[in-house]
Amino acid sequence: MELYVFSKERALQGVVEAFEYLRWTRRYSHCGSFELKALATPENIELLRIGHILWKSDDEEAGLIEYQEFAAEEKETLLVSGRFATAFLARRIVWDRELLRGDLSLCVEQLLQHHLLAPENLDRRMEGIEFVSPLLGIPIQTQVSYRNLLDVVTALCDVAEVGIKTQFKPAEGSFCIGLYRGKETEAVFSKEYENIVDQIYTQSLLDYANTVRIGGEGEGEERIFAELSGGTGEDRYEMFVDAKDLRQEDFGAAYENALLFRGERKLWERGMVRAFDASINPYGNLRYKQDYDLGDLVRVLSVRWAVDLLARISEVEEIYDAEGRSLRVVFGKSTQTLAQKMKEE
């Protein structure tokens, strides 16, 4: 694996010859991130500037250096971190109101065309980026406005269990954003199979809801409501969603569907958490990027914990240090951090 650095103009600047560690975190429906620590040599200081692009030769995605930190303790070191190139979307907001109706891929393309690739205001346009994605057969009925573009797109991907990635093409100096679905595999992970080293299994009902009442347009008795029910008695967990921003004149006969889509999205966000966080044995019976990869559906077993979980690989952290490469994998939907919850609210 070689670690190349490109300028903001996507011209090759050089190769990082030595570093203490690299954390390269790939995420399925969200933007990945990285952290690199190296000696603060003149060569590394010149290469690892904010705004430069970091590309791993065995990966499709590239990282944008967004943070830089120098430290002088026993030796002088340089720490840089940032997000993968999908973070270009985070530099834009949905400038106006957008009605999204149709296949998920077409809706994402609409958002990117209007606010990143070919906006009316040419100051908002980014060059050298394209969007290419197959139709996914996932219908969307909603409206968005004034929110961060990356948050909007990844929220749609999250609910649909669809991946997003931005491929870097170093020879052309360009980026290609696309949506994809992970494949179903026969991979089985278990400590009993000796392909998992350490594991943490989480179940949580702390923010769980299975029934939602959605309030649309109108006031008092004139207000329009829709609902989705998923339980009775003690097993019924209710929530309310205010969807007054969805206007009936925009959706016509499909207005109820738009309200229900908003409710389904909120219920997904409040779904029960079942997740494995595991360190993978790189010398086990399964090979990374061959038998399993980010976004794939796999089976996770624990005989001692009586767990048999069919789960999607939602995150893979690759760690490179003096001991070589190690892998940490998250199977399923992980718990949200306090910062993520506050951001949604």
# chains A, B, ... in the order shown; residues from 1 in each chain; ligands from 1
>>> residues_around(residues="A:Ile196", least_positions_apart="4", cutoff="8 Å", atoms="only C-alpha atoms", output="ChimeraX atom specification")
/A:189-191,278-281,284
>>> residues_around(residues="A:Asn210", least_positions_apart="3", cutoff="8 Å", atoms="only C-alpha atoms", output="list in words")
Leu228, Ser229, Gly230, Gly231, Arg236, Tyr237, Glu238, Leu267, Arg270 and Gly271 of chain A
>>> write_last_selection(atoms="C-alpha atoms", output="PDB file, in the first residue's frame")
ATOM      1  CA  LEU A 228     -47.937   4.252  11.248  1.00  0.00           C
ATOM      2  CA  SER A 229     -48.613   1.693  13.987  1.00  0.00           C
ATOM      3  CA  GLY A 230     -46.269  -1.081  15.022  1.00  0.00           C
ATOM      4  CA  GLY A 231     -47.274  -2.409  18.431  1.00  0.00           C
ATOM      5  CA  ARG A 236     -46.262   0.162  21.620  1.00  0.00           C
ATOM      6  CA  TYR A 237     -43.701   3.012  21.657  1.00  0.00           C
ATOM      7  CA  GLU A 238     -45.167   6.239  20.301  1.00  0.00           C
ATOM      8  CA  LEU A 267     -39.044   5.518  12.830  1.00  0.00           C
ATOM      9  CA  ARG A 270     -35.529   5.506  16.347  1.00  0.00           C
ATOM     10  CA  GLY A 271     -35.248   1.799  15.538  1.00  0.00           C
TER      11      GLY A 271
END
>>> residues_around(residues="stretch 287-289 of chain A", least_positions_apart="2", cutoff="12 Å", atoms="only C-alpha atoms", output="ChimeraX atom specification")
/A:58-60,182-183,185,187-189,195,280-285,291-296,313,316-318,325-329
>>> write_last_selection(atoms="N, CA and C atoms", output="PDB file, in the first residue's frame")
ATOM      1  N   ASP A  58      -4.597   1.217  -2.606  1.00  0.00           N
ATOM      2  CA  ASP A  58      -5.454   0.030  -2.661  1.00  0.00           C
ATOM      3  C   ASP A  58      -6.910   0.363  -2.358  1.00  0.00           C
ATOM      4  N   ASP A  59      -7.293   1.639  -2.522  1.00  0.00           N
ATOM      5  CA  ASP A  59      -8.658   2.061  -2.211  1.00  0.00           C
ATOM      6  C   ASP A  59      -9.200   2.943  -3.324  1.00  0.00           C
ATOM      7  N   GLU A  60     -10.539   2.976  -3.443  1.00  0.00           N
ATOM      8  CA  GLU A  60     -11.179   3.837  -4.448  1.00  0.00           C
ATOM      9  C   GLU A  60     -11.330   5.266  -3.955  1.00  0.00           C
ATOM     10  N   GLY A 182     -24.696  -2.953  -1.017  1.00  0.00           N
ATOM     11  CA  GLY A 182     -23.820  -4.057  -0.668  1.00  0.00           C
ATOM     12  C   GLY A 182     -24.458  -5.377  -1.067  1.00  0.00           C
ATOM     13  N   LYS A 183     -23.646  -6.366  -1.287  1.00  0.00           N
ATOM     14  CA  LYS A 183     -24.158  -7.666  -1.749  1.00  0.00           C
ATOM     15  C   LYS A 183     -24.440  -8.593  -0.569  1.00  0.00           C
ATOM     16  N   THR A 185     -23.805 -12.050   1.173  1.00  0.00           N
ATOM     17  CA  THR A 185     -22.688 -12.992   1.156  1.00  0.00           C
ATOM     18  C   THR A 185     -23.011 -14.205   2.026  1.00  0.00           C
ATOM     19  N   ALA A 187     -20.647 -15.114   4.176  1.00  0.00           N
ATOM     20  CA  ALA A 187     -19.649 -14.945   5.230  1.00  0.00           C
ATOM     21  C   ALA A 187     -20.296 -15.051   6.609  1.00  0.00           C
ATOM     22  N   VAL A 188     -19.647 -15.777   7.499  1.00  0.00           N
ATOM     23  CA  VAL A 188     -20.105 -15.934   8.877  1.00  0.00           C
ATOM     24  C   VAL A 188     -18.961 -15.543   9.808  1.00  0.00           C
ATOM     25  N   PHE A 189     -19.233 -14.600  10.718  1.00  0.00           N
ATOM     26  CA  PHE A 189     -18.224 -14.143  11.677  1.00  0.00           C
ATOM     27  C   PHE A 189     -18.576 -14.667  13.070  1.00  0.00           C
ATOM     28  N   ASN A 195     -12.407 -16.078  13.500  1.00  0.00           N
ATOM     29  CA  ASN A 195     -12.167 -14.951  12.599  1.00  0.00           C
ATOM     30  C   ASN A 195     -12.509 -13.614  13.258  1.00  0.00           C
ATOM     31  N   ILE A 280     -11.259  -7.884  13.747  1.00  0.00           N
ATOM     32  CA  ILE A 280     -11.240  -9.039  12.863  1.00  0.00           C
ATOM     33  C   ILE A 280      -9.852  -9.661  12.810  1.00  0.00           C
ATOM     34  N   ASN A 281      -9.825 -10.981  12.810  1.00  0.00           N
ATOM     35  CA  ASN A 281      -8.570 -11.707  12.639  1.00  0.00           C
ATOM     36  C   ASN A 281      -8.195 -11.692  11.155  1.00  0.00           C
ATOM     37  N   PRO A 282      -7.146 -10.946  10.768  1.00  0.00           N
ATOM     38  CA  PRO A 282      -6.790 -10.857   9.340  1.00  0.00           C
ATOM     39  C   PRO A 282      -6.269 -12.174   8.780  1.00  0.00           C
ATOM     40  N   TYR A 283      -5.966 -13.119   9.655  1.00  0.00           N
ATOM     41  CA  TYR A 283      -5.455 -14.414   9.199  1.00  0.00           C
ATOM     42  C   TYR A 283      -6.512 -15.511   9.331  1.00  0.00           C
ATOM     43  N   GLY A 284      -7.770 -15.106   9.513  1.00  0.00           N
ATOM     44  CA  GLY A 284      -8.859 -16.071   9.634  1.00  0.00           C
ATOM     45  C   GLY A 284      -9.260 -16.629   8.278  1.00  0.00           C
ATOM     46  N   ASN A 285     -10.437 -17.257   8.264  1.00  0.00           N
ATOM     47  CA  ASN A 285     -10.888 -17.940   7.049  1.00  0.00           C
ATOM     48  C   ASN A 285     -11.561 -17.019   6.040  1.00  0.00           C
ATOM     49  N   ASP A 291     -14.121 -11.938   0.414  1.00  0.00           N
ATOM     50  CA  ASP A 291     -15.264 -12.643   0.984  1.00  0.00           C
ATOM     51  C   ASP A 291     -16.278 -11.698   1.607  1.00  0.00           C
ATOM     52  N   TYR A 292     -15.850 -10.527   1.998  1.00  0.00           N
ATOM     53  CA  TYR A 292     -16.744  -9.537   2.596  1.00  0.00           C
ATOM     54  C   TYR A 292     -16.156  -8.156   2.374  1.00  0.00           C
ATOM     55  N   ASP A 293     -17.046  -7.142   2.380  1.00  0.00           N
ATOM     56  CA  ASP A 293     -16.609  -5.752   2.209  1.00  0.00           C
ATOM     57  C   ASP A 293     -17.649  -4.841   2.832  1.00  0.00           C
ATOM     58  N   LEU A 294     -17.336  -3.563   2.873  1.00  0.00           N
ATOM     59  CA  LEU A 294     -18.245  -2.564   3.419  1.00  0.00           C
ATOM     60  C   LEU A 294     -19.601  -2.644   2.711  1.00  0.00           C
ATOM     61  N   GLY A 295     -20.684  -2.659   3.490  1.00  0.00           N
ATOM     62  CA  GLY A 295     -22.030  -2.680   2.934  1.00  0.00           C
ATOM     63  C   GLY A 295     -22.605  -4.057   2.714  1.00  0.00           C
ATOM     64  N   ASP A 296     -21.782  -5.098   2.800  1.00  0.00           N
ATOM     65  CA  ASP A 296     -22.274  -6.455   2.558  1.00  0.00           C
ATOM     66  C   ASP A 296     -23.113  -6.954   3.727  1.00  0.00           C
ATOM     67  N   ILE A 313     -22.550  -4.712   7.060  1.00  0.00           N
ATOM     68  CA  ILE A 313     -21.311  -4.093   7.528  1.00  0.00           C
ATOM     69  C   ILE A 313     -21.434  -2.594   7.287  1.00  0.00           C
ATOM     70  N   VAL A 316     -15.985   0.042   8.439  1.00  0.00           N
ATOM     71  CA  VAL A 316     -14.734  -0.706   8.519  1.00  0.00           C
ATOM     72  C   VAL A 316     -13.612   0.286   8.791  1.00  0.00           C
ATOM     73  N   GLU A 317     -12.883   0.053   9.884  1.00  0.00           N
ATOM     74  CA  GLU A 317     -11.725   0.895  10.207  1.00  0.00           C
ATOM     75  C   GLU A 317     -10.455   0.092   9.945  1.00  0.00           C
ATOM     76  N   GLU A 318      -9.649   0.595   9.020  1.00  0.00           N
ATOM     77  CA  GLU A 318      -8.356  -0.021   8.737  1.00  0.00           C
ATOM     78  C   GLU A 318      -7.295   0.750   9.514  1.00  0.00           C
ATOM     79  N   ARG A 325      -1.288  -4.213   9.534  1.00  0.00           N
ATOM     80  CA  ARG A 325      -2.664  -3.757   9.373  1.00  0.00           C
ATOM     81  C   ARG A 325      -3.593  -4.560  10.272  1.00  0.00           C
ATOM     82  N   SER A 326      -4.547  -3.855  10.898  1.00  0.00           N
ATOM     83  CA  SER A 326      -5.610  -4.508  11.659  1.00  0.00           C
ATOM     84  C   SER A 326      -6.946  -3.928  11.214  1.00  0.00           C
ATOM     85  N   LEU A 327      -8.018  -4.667  11.487  1.00  0.00           N
ATOM     86  CA  LEU A 327      -9.350  -4.264  11.037  1.00  0.00           C
ATOM     87  C   LEU A 327     -10.321  -4.246  12.208  1.00  0.00           C
ATOM     88  N   ARG A 328     -11.124  -3.190  12.284  1.00  0.00           N
ATOM     89  CA  ARG A 328     -12.248  -3.143  13.204  1.00  0.00           C
ATOM     90  C   ARG A 328     -13.508  -2.957  12.376  1.00  0.00           C
ATOM     91  N   VAL A 329     -14.506  -3.805  12.602  1.00  0.00           N
ATOM     92  CA  VAL A 329     -15.712  -3.813  11.773  1.00  0.00           C
ATOM     93  C   VAL A 329     -16.943  -3.609  12.652  1.00  0.00           C
TER      94      VAL A 329
END
>>> residues_around(residues="A:Lys75", least_positions_apart="3", cutoff="12 Å", atoms="only C-alpha atoms", output="MDAnalysis selection string")
chainID A and resid 20 38:41 70:72 78
>>> select_by_dssp(residues="stretch 70-106 of chain A", states="strand (DSSP E)", output="PyMOL selection string")
chain A and resi 70-72+76-84+97-103
>>> closest_residue(among="A:Ser81, A:Ser133, A:Gln203, A:Gln143", to="A:Arg97", atoms="only C-alpha atoms")
A:Gln143
>>> residues_around(residues="A:Arg147", least_positions_apart="4", cutoff="12 Å", atoms="only C-alpha atoms", output="PyMOL selection string")
chain A and resi 89-98+111+115+143+151-155+343-344
>>> residues_around(residues="A:Val241", least_positions_apart="2", cutoff="8 Å", atoms="only C-alpha atoms", output="mmCIF file with N, CA, C and O atoms, in the first residue's frame")
data_model
loop_
_atom_site.group_PDB
_atom_site.id
_atom_site.type_symbol
_atom_site.label_atom_id
_atom_site.label_comp_id
_atom_site.auth_asym_id
_atom_site.auth_seq_id
_atom_site.Cartn_x
_atom_site.Cartn_y
_atom_site.Cartn_z
ATOM 1 N N VAL A 212 -45.877 6.076 15.018
ATOM 2 C CA VAL A 212 -45.683 7.509 14.836
ATOM 3 C C VAL A 212 -46.950 8.169 14.309
ATOM 4 O O VAL A 212 -47.664 7.603 13.479
ATOM 5 N N ARG A 213 -47.240 9.336 14.845
ATOM 6 C CA ARG A 213 -48.302 10.196 14.306
ATOM 7 C C ARG A 213 -47.621 11.386 13.651
ATOM 8 O O ARG A 213 -46.795 12.052 14.284
ATOM 9 N N ILE A 214 -47.956 11.624 12.392
ATOM 10 C CA ILE A 214 -47.317 12.690 11.619
ATOM 11 C C ILE A 214 -48.326 13.798 11.390
ATOM 12 O O ILE A 214 -49.415 13.556 10.842
ATOM 13 N N GLY A 215 -47.975 15.010 11.797
ATOM 14 C CA GLY A 215 -48.850 16.155 11.607
ATOM 15 C C GLY A 215 -48.431 16.983 10.414
ATOM 16 O O GLY A 215 -47.317 17.501 10.379
ATOM 17 N N MET A 239 -44.340 8.140 19.066
ATOM 18 C CA MET A 239 -43.653 9.415 18.885
ATOM 19 C C MET A 239 -44.488 10.283 17.952
ATOM 20 O O MET A 239 -45.382 9.791 17.245
ATOM 21 N N ALA A 243 -44.622 17.745 10.557
ATOM 22 C CA ALA A 243 -44.262 17.824 9.135
ATOM 23 C C ALA A 243 -45.042 18.938 8.444
ATOM 24 O O ALA A 243 -45.480 18.796 7.298
ATOM 25 N N GLY A 263 -42.578 9.904 8.260
ATOM 26 C CA GLY A 263 -42.722 9.086 9.449
ATOM 27 C C GLY A 263 -41.847 7.846 9.418
ATOM 28 O O GLY A 263 -41.232 7.482 10.433
ATOM 29 N N LYS A 266 -38.297 8.777 10.298
ATOM 30 C CA LYS A 266 -38.087 9.026 11.727
ATOM 31 C C LYS A 266 -38.135 7.731 12.530
ATOM 32 O O LYS A 266 -37.379 7.568 13.497
#
>>> closest_residue(among="A:Leu301, A:Ala275, A:Val108, A:Cys157", to="A:Lys333", atoms="only C-alpha atoms")
A:Ala275
>>> closest_residue(among="A:Leu246, A:Leu47, A:Leu117, A:Leu104", to="A:Ser145", atoms="only C-alpha atoms")
A:Leu246
>>> atom_distance(atom1="atom CA of A:Ala253", atom2="atom CA of A:Tyr146")
25.5 Å
>>> residues_around(residues="A:Phe331", least_positions_apart="4", cutoff="9 Å", atoms="only C-alpha atoms", output="PyMOL selection string")
chain A and resi 274-278+297-298+300+309-315
>>> write_last_selection(atoms="N, CA and C atoms", output="compact mmCIF listing (two decimals), in the first residue's frame")
# COMPACT_ATOMS: atom_id res chain seq x y z
N ARG A 274 -29.18 -3.05 17.28
CA ARG A 274 -28.53 -4.35 17.46
C ARG A 274 -27.25 -4.29 16.63
N ALA A 275 -26.12 -4.27 17.30
CA ALA A 275 -24.87 -4.07 16.58
C ALA A 275 -23.72 -4.81 17.23
N PHE A 276 -22.84 -5.32 16.38
CA PHE A 276 -21.56 -5.90 16.81
C PHE A 276 -20.45 -4.95 16.42
N ASP A 277 -19.54 -4.73 17.33
CA ASP A 277 -18.32 -3.99 17.05
C ASP A 277 -17.18 -4.97 17.32
N ALA A 278 -16.43 -5.34 16.28
CA ALA A 278 -15.48 -6.44 16.43
C ALA A 278 -14.14 -6.13 15.79
N LEU A 297 -24.07 -7.84 3.40
CA LEU A 297 -24.84 -8.53 4.43
C LEU A 297 -24.10 -9.81 4.82
N VAL A 298 -23.84 -9.97 6.11
CA VAL A 298 -23.12 -11.13 6.62
C VAL A 298 -23.86 -11.66 7.85
N VAL A 300 -23.47 -12.93 11.82
CA VAL A 300 -22.61 -12.84 13.00
C VAL A 300 -23.18 -13.75 14.09
N LEU A 309 -27.15 -13.04 14.22
CA LEU A 309 -27.56 -11.76 13.63
C LEU A 309 -27.18 -11.67 12.16
N LEU A 310 -28.19 -11.43 11.31
CA LEU A 310 -27.92 -11.10 9.91
C LEU A 310 -27.79 -9.59 9.84
N ALA A 311 -26.61 -9.11 9.52
CA ALA A 311 -26.35 -7.67 9.63
C ALA A 311 -25.54 -7.16 8.45
N ARG A 312 -25.70 -5.87 8.21
CA ARG A 312 -24.92 -5.21 7.17
C ARG A 312 -23.65 -4.62 7.78
N ILE A 313 -22.55 -4.71 7.06
CA ILE A 313 -21.31 -4.09 7.53
C ILE A 313 -21.43 -2.59 7.29
N SER A 314 -21.60 -1.83 8.36
CA SER A 314 -21.85 -0.39 8.24
C SER A 314 -20.58 0.44 8.34
N GLU A 315 -19.50 -0.15 8.88
CA GLU A 315 -18.26 0.61 9.03
C GLU A 315 -17.07 -0.35 9.09
>>> atom_distance(atom1="atom CA of A:Glu130", atom2="atom CA of A:Gln13")
23.5 Å
